[in-house]
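Data file: final_20.txt. Format and content: compact mmCIF, N, CA and C atoms.
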```txt
# COMPACT_ATOMS: atom_id res chain seq x y z
N MET P 172 24.54 1.60 1.68
CA MET P 172 23.13 1.27 1.58
C MET P 172 22.98 -0.25 1.66
N SER P 173 22.03 -0.69 2.49
CA SER P 173 21.81 -2.12 2.66
C SER P 173 21.09 -2.70 1.45
N LYS P 174 21.10 -4.02 1.38
CA LYS P 174 20.43 -4.71 0.28
C LYS P 174 18.91 -4.47 0.32
N LYS P 175 18.34 -4.38 1.54
CA LYS P 175 16.91 -4.11 1.67
C LYS P 175 16.55 -2.73 1.12
N GLU P 176 17.37 -1.75 1.46
CA GLU P 176 17.13 -0.40 0.95
C GLU P 176 17.25 -0.37 -0.57
N GLU P 177 18.26 -1.04 -1.08
CA GLU P 177 18.49 -1.08 -2.52
C GLU P 177 17.31 -1.75 -3.23
N ASN P 178 16.85 -2.87 -2.69
CA ASN P 178 15.71 -3.57 -3.30
C ASN P 178 14.43 -2.74 -3.24
N GLY P 179 14.25 -2.03 -2.13
CA GLY P 179 13.08 -1.16 -2.00
C GLY P 179 13.10 -0.04 -3.02
N LEU P 180 14.26 0.59 -3.18
CA LEU P 180 14.39 1.65 -4.19
C LEU P 180 14.15 1.11 -5.59
N LEU P 181 14.66 -0.08 -5.85
CA LEU P 181 14.45 -0.70 -7.16
C LEU P 181 12.96 -0.96 -7.40
N LEU P 182 12.25 -1.41 -6.38
CA LEU P 182 10.80 -1.64 -6.51
C LEU P 182 10.07 -0.34 -6.81
N ILE P 183 10.42 0.73 -6.08
CA ILE P 183 9.81 2.03 -6.32
C ILE P 183 10.05 2.45 -7.77
N TRP P 184 11.28 2.28 -8.22
CA TRP P 184 11.63 2.68 -9.58
C TRP P 184 10.84 1.87 -10.61
N ILE P 185 10.79 0.55 -10.44
CA ILE P 185 10.08 -0.32 -11.39
C ILE P 185 8.60 0.05 -11.47
N VAL P 186 7.96 0.22 -10.32
CA VAL P 186 6.53 0.56 -10.30
C VAL P 186 6.30 1.90 -10.97
N SER P 187 7.13 2.89 -10.66
CA SER P 187 6.94 4.22 -11.24
C SER P 187 7.20 4.23 -12.75
N VAL P 188 8.17 3.46 -13.20
CA VAL P 188 8.44 3.37 -14.65
C VAL P 188 7.26 2.69 -15.36
N VAL P 189 6.77 1.60 -14.81
CA VAL P 189 5.62 0.90 -15.42
C VAL P 189 4.40 1.82 -15.46
N ALA P 190 4.15 2.56 -14.37
CA ALA P 190 3.00 3.48 -14.34
C ALA P 190 3.18 4.61 -15.35
N THR P 191 4.38 5.13 -15.44
CA THR P 191 4.66 6.21 -16.40
C THR P 191 4.48 5.71 -17.83
N LEU P 192 5.06 4.56 -18.14
CA LEU P 192 4.91 4.01 -19.49
C LEU P 192 3.46 3.66 -19.79
N GLY P 193 2.74 3.18 -18.79
CA GLY P 193 1.32 2.87 -18.98
C GLY P 193 0.51 4.11 -19.30
N SER P 194 0.77 5.20 -18.58
CA SER P 194 0.02 6.43 -18.86
C SER P 194 0.37 6.99 -20.23
N LEU P 195 1.63 6.87 -20.61
CA LEU P 195 2.03 7.33 -21.94
C LEU P 195 1.43 6.44 -23.04
N TYR P 196 1.31 5.14 -22.76
CA TYR P 196 0.66 4.23 -23.71
C TYR P 196 -0.78 4.65 -23.95
N PHE P 197 -1.51 4.90 -22.86
CA PHE P 197 -2.92 5.27 -23.00
C PHE P 197 -3.09 6.59 -23.75
N SER P 198 -2.21 7.56 -23.47
CA SER P 198 -2.40 8.87 -24.11
C SER P 198 -1.77 8.97 -25.50
N GLU P 199 -0.62 8.37 -25.70
CA GLU P 199 0.08 8.55 -26.96
C GLU P 199 -0.21 7.46 -27.99
N ILE P 200 -0.45 6.25 -27.56
CA ILE P 200 -0.70 5.15 -28.50
C ILE P 200 -2.20 4.91 -28.67
N ARG P 201 -2.91 4.79 -27.56
CA ARG P 201 -4.37 4.59 -27.64
C ARG P 201 -5.12 5.89 -27.90
N GLN P 202 -4.43 7.03 -27.79
CA GLN P 202 -4.99 8.35 -28.05
C GLN P 202 -6.11 8.74 -27.08
N TYR P 203 -6.02 8.29 -25.81
CA TYR P 203 -6.97 8.70 -24.78
C TYR P 203 -6.48 10.02 -24.21
N GLU P 204 -7.26 11.07 -24.40
CA GLU P 204 -6.85 12.38 -23.89
C GLU P 204 -7.05 12.42 -22.37
N PRO P 205 -5.99 12.73 -21.61
CA PRO P 205 -6.11 12.75 -20.15
C PRO P 205 -6.95 13.94 -19.67
N CYS P 206 -7.74 13.71 -18.64
CA CYS P 206 -8.49 14.80 -18.02
C CYS P 206 -7.55 15.55 -17.06
N LYS P 207 -8.06 16.60 -16.45
CA LYS P 207 -7.22 17.40 -15.56
C LYS P 207 -6.73 16.60 -14.35
N MET P 208 -7.57 15.73 -13.82
CA MET P 208 -7.16 14.94 -12.66
C MET P 208 -6.09 13.91 -13.05
N CYS P 209 -6.18 13.39 -14.26
CA CYS P 209 -5.14 12.47 -14.74
C CYS P 209 -3.80 13.20 -14.83
N TRP P 210 -3.85 14.45 -15.29
CA TRP P 210 -2.61 15.24 -15.37
C TRP P 210 -2.03 15.46 -13.98
N LEU P 211 -2.88 15.73 -13.00
CA LEU P 211 -2.38 15.91 -11.63
C LEU P 211 -1.69 14.64 -11.12
N GLN P 212 -2.27 13.49 -11.43
CA GLN P 212 -1.67 12.23 -11.01
C GLN P 212 -0.31 12.04 -11.68
N ARG P 213 -0.22 12.41 -12.95
CA ARG P 213 1.05 12.31 -13.66
C ARG P 213 2.10 13.23 -13.05
N ILE P 214 1.67 14.41 -12.59
CA ILE P 214 2.60 15.36 -11.98
C ILE P 214 3.27 14.75 -10.75
N PHE P 215 2.57 13.88 -10.06
CA PHE P 215 3.15 13.22 -8.88
C PHE P 215 3.88 11.93 -9.22
N MET P 216 3.53 11.27 -10.33
CA MET P 216 4.17 10.00 -10.68
C MET P 216 5.48 10.19 -11.44
N TYR P 217 5.49 11.00 -12.45
CA TYR P 217 6.66 11.12 -13.33
C TYR P 217 7.94 11.50 -12.58
N PRO P 218 7.91 12.45 -11.64
CA PRO P 218 9.17 12.79 -10.95
C PRO P 218 9.73 11.65 -10.11
N ILE P 219 8.89 10.72 -9.69
CA ILE P 219 9.37 9.60 -8.88
C ILE P 219 10.37 8.78 -9.69
N VAL P 220 10.13 8.64 -10.99
CA VAL P 220 11.07 7.91 -11.85
C VAL P 220 12.44 8.58 -11.81
N ILE P 221 12.45 9.89 -11.99
CA ILE P 221 13.72 10.62 -12.02
C ILE P 221 14.40 10.60 -10.65
N MET P 222 13.62 10.85 -9.60
CA MET P 222 14.19 10.87 -8.24
C MET P 222 14.83 9.54 -7.87
N THR P 223 14.11 8.46 -8.14
CA THR P 223 14.65 7.15 -7.74
C THR P 223 15.80 6.71 -8.62
N THR P 224 15.81 7.13 -9.87
CA THR P 224 16.96 6.83 -10.73
C THR P 224 18.22 7.46 -10.14
N ILE P 225 18.13 8.74 -9.82
CA ILE P 225 19.28 9.45 -9.25
C ILE P 225 19.65 8.87 -7.88
N ALA P 226 18.65 8.61 -7.04
CA ALA P 226 18.92 8.07 -5.71
C ALA P 226 19.56 6.69 -5.78
N PHE P 227 19.12 5.88 -6.74
CA PHE P 227 19.70 4.54 -6.89
C PHE P 227 21.16 4.63 -7.30
N ILE P 228 21.47 5.54 -8.22
CA ILE P 228 22.86 5.72 -8.66
C ILE P 228 23.72 6.24 -7.52
N GLN P 229 23.16 7.18 -6.74
CA GLN P 229 23.90 7.78 -5.63
C GLN P 229 23.87 6.94 -4.36
N LYS P 230 23.12 5.85 -4.38
CA LYS P 230 22.94 5.00 -3.19
C LYS P 230 22.39 5.82 -2.02
N ASN P 231 21.33 6.56 -2.30
CA ASN P 231 20.74 7.48 -1.34
C ASN P 231 19.32 7.04 -1.00
N ALA P 232 19.16 6.34 0.10
CA ALA P 232 17.86 5.82 0.50
C ALA P 232 16.98 6.89 1.14
N ARG P 233 17.53 8.05 1.45
CA ARG P 233 16.74 9.11 2.07
C ARG P 233 15.65 9.64 1.14
N ILE P 234 15.75 9.36 -0.14
CA ILE P 234 14.73 9.82 -1.09
C ILE P 234 13.38 9.18 -0.79
N ALA P 235 13.38 8.10 -0.02
CA ALA P 235 12.14 7.40 0.30
C ALA P 235 11.13 8.30 1.00
N VAL P 236 11.60 9.27 1.77
CA VAL P 236 10.69 10.22 2.42
C VAL P 236 9.95 11.02 1.35
N THR P 237 10.67 11.50 0.36
CA THR P 237 10.07 12.29 -0.71
C THR P 237 9.14 11.44 -1.56
N THR P 238 9.55 10.23 -1.90
CA THR P 238 8.68 9.38 -2.72
C THR P 238 7.40 9.02 -1.96
N ALA P 239 7.51 8.86 -0.65
CA ALA P 239 6.31 8.58 0.15
C ALA P 239 5.34 9.75 0.10
N VAL P 240 5.86 10.97 0.22
CA VAL P 240 5.00 12.16 0.17
C VAL P 240 4.34 12.28 -1.21
N PHE P 241 5.11 12.10 -2.27
CA PHE P 241 4.56 12.17 -3.62
C PHE P 241 3.50 11.08 -3.81
N ALA P 242 3.76 9.88 -3.30
CA ALA P 242 2.81 8.77 -3.47
C ALA P 242 1.53 9.02 -2.69
N ILE P 243 1.63 9.56 -1.50
CA ILE P 243 0.43 9.84 -0.71
C ILE P 243 -0.41 10.93 -1.36
N MET P 244 0.25 11.97 -1.84
CA MET P 244 -0.49 13.06 -2.50
C MET P 244 -1.11 12.58 -3.81
N GLY P 245 -0.33 11.89 -4.64
CA GLY P 245 -0.86 11.36 -5.90
C GLY P 245 -1.94 10.31 -5.67
N GLY P 246 -1.74 9.48 -4.66
CA GLY P 246 -2.73 8.46 -4.33
C GLY P 246 -4.04 9.05 -3.86
N SER P 247 -3.97 10.16 -3.13
CA SER P 247 -5.19 10.84 -2.69
C SER P 247 -5.99 11.35 -3.87
N ILE P 248 -5.30 11.91 -4.85
CA ILE P 248 -5.98 12.38 -6.06
C ILE P 248 -6.57 11.19 -6.82
N SER P 249 -5.81 10.10 -6.92
CA SER P 249 -6.31 8.90 -7.61
C SER P 249 -7.54 8.33 -6.93
N LEU P 250 -7.52 8.30 -5.60
CA LEU P 250 -8.65 7.76 -4.85
C LEU P 250 -9.90 8.60 -5.09
N TYR P 251 -9.76 9.91 -5.04
CA TYR P 251 -10.90 10.79 -5.31
C TYR P 251 -11.38 10.63 -6.75
N HIS P 252 -10.44 10.58 -7.68
CA HIS P 252 -10.79 10.42 -9.10
C HIS P 252 -11.54 9.10 -9.32
N TYR P 253 -11.06 8.04 -8.70
CA TYR P 253 -11.74 6.75 -8.81
C TYR P 253 -13.13 6.83 -8.19
N GLY P 254 -13.22 7.54 -7.08
CA GLY P 254 -14.51 7.70 -6.41
C GLY P 254 -15.54 8.41 -7.27
N ILE P 255 -15.10 9.48 -7.97
CA ILE P 255 -16.08 10.19 -8.81
C ILE P 255 -16.45 9.39 -10.04
N GLN P 256 -15.63 8.40 -10.40
CA GLN P 256 -15.99 7.52 -11.51
C GLN P 256 -16.99 6.44 -11.09
N LYS P 257 -16.85 5.96 -9.87
CA LYS P 257 -17.61 4.78 -9.45
C LYS P 257 -18.74 5.05 -8.46
N LEU P 258 -18.73 6.17 -7.78
CA LEU P 258 -19.76 6.45 -6.77
C LEU P 258 -20.64 7.60 -7.26
N SER P 259 -21.92 7.31 -7.44
CA SER P 259 -22.83 8.29 -8.04
C SER P 259 -22.93 9.56 -7.21
N PHE P 260 -22.92 9.46 -5.88
CA PHE P 260 -23.05 10.68 -5.07
C PHE P 260 -21.82 11.58 -5.19
N LEU P 261 -20.66 11.01 -5.49
CA LEU P 261 -19.47 11.82 -5.75
C LEU P 261 -19.46 12.34 -7.18
N ALA P 262 -19.95 11.53 -8.11
CA ALA P 262 -19.97 11.93 -9.53
C ALA P 262 -20.85 13.16 -9.73
N ASP P 263 -21.92 13.25 -8.94
CA ASP P 263 -22.82 14.41 -9.06
C ASP P 263 -22.15 15.71 -8.65
N THR P 264 -21.15 15.63 -7.79
CA THR P 264 -20.46 16.82 -7.31
C THR P 264 -19.07 16.97 -7.93
N ALA P 265 -18.78 16.20 -8.97
CA ALA P 265 -17.45 16.22 -9.60
C ALA P 265 -17.16 17.60 -10.18
N PRO P 266 -15.90 18.02 -10.06
CA PRO P 266 -15.55 19.32 -10.64
C PRO P 266 -15.55 19.26 -12.17
N SER P 267 -15.69 20.40 -12.77
CA SER P 267 -15.62 20.48 -14.22
C SER P 267 -14.17 20.24 -14.64
N CYS P 268 -13.99 19.30 -15.53
CA CYS P 268 -12.63 18.92 -15.90
C CYS P 268 -12.24 19.38 -17.30
N GLY P 269 -13.00 20.24 -17.89
CA GLY P 269 -12.62 20.74 -19.21
C GLY P 269 -13.16 19.88 -20.33
N VAL P 270 -12.36 19.70 -21.37
CA VAL P 270 -12.77 19.00 -22.58
C VAL P 270 -13.12 17.54 -22.28
N VAL P 271 -12.29 16.88 -21.47
CA VAL P 271 -12.50 15.48 -21.13
C VAL P 271 -13.07 15.40 -19.71
N SER P 272 -14.16 14.69 -19.56
CA SER P 272 -14.79 14.55 -18.25
C SER P 272 -13.97 13.67 -17.32
N CYS P 273 -13.84 14.10 -16.07
CA CYS P 273 -13.11 13.29 -15.08
C CYS P 273 -13.91 12.06 -14.66
N THR P 274 -15.21 12.06 -14.96
CA THR P 274 -16.03 10.89 -14.62
C THR P 274 -16.03 9.85 -15.73
N GLY P 275 -15.48 10.19 -16.89
CA GLY P 275 -15.43 9.25 -18.02
C GLY P 275 -14.46 8.11 -17.74
N GLN P 276 -14.76 6.97 -18.35
CA GLN P 276 -13.92 5.78 -18.15
C GLN P 276 -13.50 5.24 -19.50
N TYR P 277 -12.25 5.46 -19.85
CA TYR P 277 -11.74 4.91 -21.10
C TYR P 277 -11.66 3.39 -21.04
N ILE P 278 -11.27 2.88 -19.88
CA ILE P 278 -11.25 1.43 -19.68
C ILE P 278 -12.09 1.12 -18.45
N ASN P 279 -12.61 -0.09 -18.39
CA ASN P 279 -13.37 -0.56 -17.23
C ASN P 279 -13.26 -2.08 -17.20
N TRP P 280 -12.04 -2.54 -16.96
CA TRP P 280 -11.76 -3.97 -16.96
C TRP P 280 -12.35 -4.62 -15.72
N LEU P 281 -13.00 -5.75 -15.89
CA LEU P 281 -13.62 -6.53 -14.82
C LEU P 281 -14.65 -5.73 -14.03
N GLY P 282 -15.10 -4.62 -14.59
CA GLY P 282 -16.12 -3.82 -13.93
C GLY P 282 -15.61 -2.87 -12.86
N PHE P 283 -14.30 -2.86 -12.57
CA PHE P 283 -13.81 -1.95 -11.54
C PHE P 283 -12.41 -1.38 -11.82
N ILE P 284 -11.69 -1.92 -12.76
CA ILE P 284 -10.32 -1.45 -13.02
C ILE P 284 -10.36 -0.34 -14.08
N THR P 285 -10.14 0.89 -13.61
CA THR P 285 -10.08 2.05 -14.49
C THR P 285 -8.66 2.62 -14.41
N ILE P 286 -8.38 3.64 -15.21
CA ILE P 286 -7.04 4.23 -15.19
C ILE P 286 -6.71 4.83 -13.82
N PRO P 287 -7.63 5.56 -13.16
CA PRO P 287 -7.30 6.04 -11.82
C PRO P 287 -7.07 4.90 -10.80
N PHE P 288 -7.77 3.78 -10.99
CA PHE P 288 -7.54 2.62 -10.13
C PHE P 288 -6.12 2.08 -10.31
N LEU P 289 -5.67 2.02 -11.57
CA LEU P 289 -4.30 1.57 -11.84
C LEU P 289 -3.29 2.52 -11.21
N ALA P 290 -3.53 3.83 -11.33
CA ALA P 290 -2.63 4.81 -10.72
C ALA P 290 -2.63 4.67 -9.20
N LEU P 291 -3.82 4.49 -8.61
CA LEU P 291 -3.91 4.32 -7.16
C LEU P 291 -3.12 3.10 -6.70
N THR P 292 -3.23 2.01 -7.43
CA THR P 292 -2.47 0.80 -7.10
C THR P 292 -0.97 1.08 -7.12
N ALA P 293 -0.52 1.78 -8.13
CA ALA P 293 0.91 2.12 -8.23
C ALA P 293 1.33 3.02 -7.06
N PHE P 294 0.53 4.02 -6.74
CA PHE P 294 0.87 4.91 -5.63
C PHE P 294 0.91 4.16 -4.29
N ILE P 295 0.00 3.21 -4.10
CA ILE P 295 0.00 2.42 -2.87
C ILE P 295 1.27 1.57 -2.79
N LEU P 296 1.64 0.93 -3.89
CA LEU P 296 2.87 0.13 -3.92
C LEU P 296 4.10 1.00 -3.64
N ILE P 297 4.15 2.19 -4.22
CA ILE P 297 5.28 3.09 -4.03
C ILE P 297 5.33 3.56 -2.58
N ALA P 298 4.19 3.93 -2.02
CA ALA P 298 4.16 4.37 -0.62
C ALA P 298 4.62 3.24 0.30
N GLY P 299 4.11 2.03 0.06
CA GLY P 299 4.52 0.88 0.89
C GLY P 299 6.01 0.61 0.79
N ALA P 300 6.54 0.63 -0.41
CA ALA P 300 7.98 0.41 -0.60
C ALA P 300 8.79 1.54 0.02
N SER P 301 8.28 2.76 -0.05
CA SER P 301 8.98 3.91 0.56
C SER P 301 9.07 3.74 2.07
N PHE P 302 7.98 3.33 2.69
CA PHE P 302 8.01 3.11 4.14
C PHE P 302 8.93 1.94 4.50
N TYR P 303 8.96 0.94 3.65
CA TYR P 303 9.88 -0.19 3.86
C TYR P 303 11.33 0.29 3.80
N VAL P 304 11.65 1.13 2.83
CA VAL P 304 13.03 1.65 2.70
C VAL P 304 13.37 2.51 3.92
N MET P 305 12.44 3.34 4.37
CA MET P 305 12.69 4.17 5.55
C MET P 305 12.94 3.32 6.79
N LYS P 306 12.17 2.25 6.93
CA LYS P 306 12.35 1.35 8.08
C LYS P 306 13.69 0.63 7.99
N ALA P 307 14.06 0.18 6.79
CA ALA P 307 15.33 -0.51 6.59
C ALA P 307 16.50 0.44 6.85
N ALA P 308 16.37 1.69 6.43
CA ALA P 308 17.43 2.67 6.66
C ALA P 308 17.59 2.96 8.14
N LYS P 309 16.48 3.04 8.85
CA LYS P 309 16.52 3.29 10.29
C LYS P 309 17.18 2.12 11.02
N ALA P 310 16.86 0.90 10.59
CA ALA P 310 17.45 -0.29 11.21
C ALA P 310 18.94 -0.39 10.93
N ALA P 311 19.37 0.13 9.77
CA ALA P 311 20.80 0.06 9.39
C ALA P 311 21.64 1.04 10.20
N ASN P 312 21.00 2.10 10.71
CA ASN P 312 21.75 3.11 11.47
C ASN P 312 21.86 2.80 12.91
```
Target format structure tokens, applied to this file:
Amino acid sequence: MSKKEENGLLLIWIVSVVATLGSLYFSEIRQYEPCKMCWLQRIFMYPIVIMTTIAFIQKNARIAVTTAVFAIMGGSISLYHYGIQKLSFLADTAPSCGVVSCTGQYINWLGFITIPFLALTAFILIAGASFYVMKAAKAAN
């Protein structure tokens, strides 16, 4: 595995660990109960930590394809979730999310940074790093 592939995997791992710890901080320490869409985003984020840990140990850059798929799927959910929080025409059609509303905003830093926005940022970084690793792997072969 080349140094570029290794660095890309490390970036994916760091971003996914920070996102995972951040979501656990909000739910376990701040006691913010996640809505159903937040749980879906976690379903796509948490495995990336495990996958990249194993791939990094095994020096297996091919995992970048899987992390890219997980990031695109999780990012799509984050983008929609952010949209229903910030766009009134989407909020009116938001699905019922159970006990906690998916349109609710536990945080709203600087008027636009919400938890789904943070997740979307992480998914974008992971997808970008995944494509970088795939390109580096292709160039190495």
Considering only C-alpha atoms, give me a table of residues in stretch 252-282 of chain P that are at most 6 Å from stretch 199-223 of chain P, with the closest atom pair and distance in Å for each, as a Markdown table.
```
| residue | atom | partner | partner_atom | distance |
| --- | --- | --- | --- | --- |
| P:Cys268 | CA | P:Lys207 | CA | 5.6 |
| P:Val271 | CA | P:Cys206 | CA | 5.1 |
| P:Cys273 | CA | P:Cys206 | CA | 5.7 |
```
| field | Atomic separation - atom N of P:Ile297 relative to atom CA of P:Thr238, Å | value | 8.6 Å
| query | Among stretch 180-250 of chain P, which residues carry a DSSP assignment of alpha helix (DSSP H), reported as a PyMOL selection string? | reply | chain P and resi 180-195+207-229+234-250
Return the padded bounding box of stretch 249-259 of chain P as JSON: axis-aligned, built from all atoms listed in the file, 3 Å added on each side, with centre and edge lengths in Å to one decimal.
```
{"center_x": -14.4, "center_y": 7.8, "center_z": -8.2, "size_x": 23.1, "size_y": 12.0, "size_z": 12.7}
```
| task | Have a look at atom C of P:Lys309 and atom CA of P:Val186 and let me know their distance in Å, one decimal. | result | 23.9 Å
| request: Rank P:Asn312, P:Thr292, P:Ser301, P:Thr224 by their smallest atom-to-atom distance to P:Thr237, using only N, CA and C atoms, and report the top residue only. | output: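 Comparing P:Asn312, P:Thr292, P:Ser301, P:Thr224 against P:Thr237, the winner is P:Ser301.
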| said: I'd like the contact shell of P:Ile295 - 8 Å cut-off, all atoms listed in the file, skipping same-chain residues fewer than 3 positions apart - returned as a list of chain:residue names. | reply: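 In the requested format, the answer is P:Ala242, P:Ile243, P:Gly245, P:Gly246, P:Leu289, P:Ala290, P:Leu291, P:Thr292, P:Ala298, P:Gly299, P:Ala300, P:Ser301.
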| Any idea what the distance is between atom CA of P:Asp263 and atom C of P:Leu281? |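 Separation of atom CA of P:Asp263 and atom C of P:Leu281: 22.3 Å.
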| said: I'd like to know which of P:Ile225, P:Leu250, P:Ile255, P:Ala232 is closest to P:Glu176, using all atoms listed in the file. | reply: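 Of P:Ile225, P:Leu250, P:Ile255, P:Ala232, the one nearest P:Glu176, counting all atoms listed in the file, is P:Ala232.
Here the question is which of P:Gln276, P:Lys230, P:Ile286, P:Ile185 gets nearest to P:Met172 using all atoms listed in the file, and that residue is P:Lys230.
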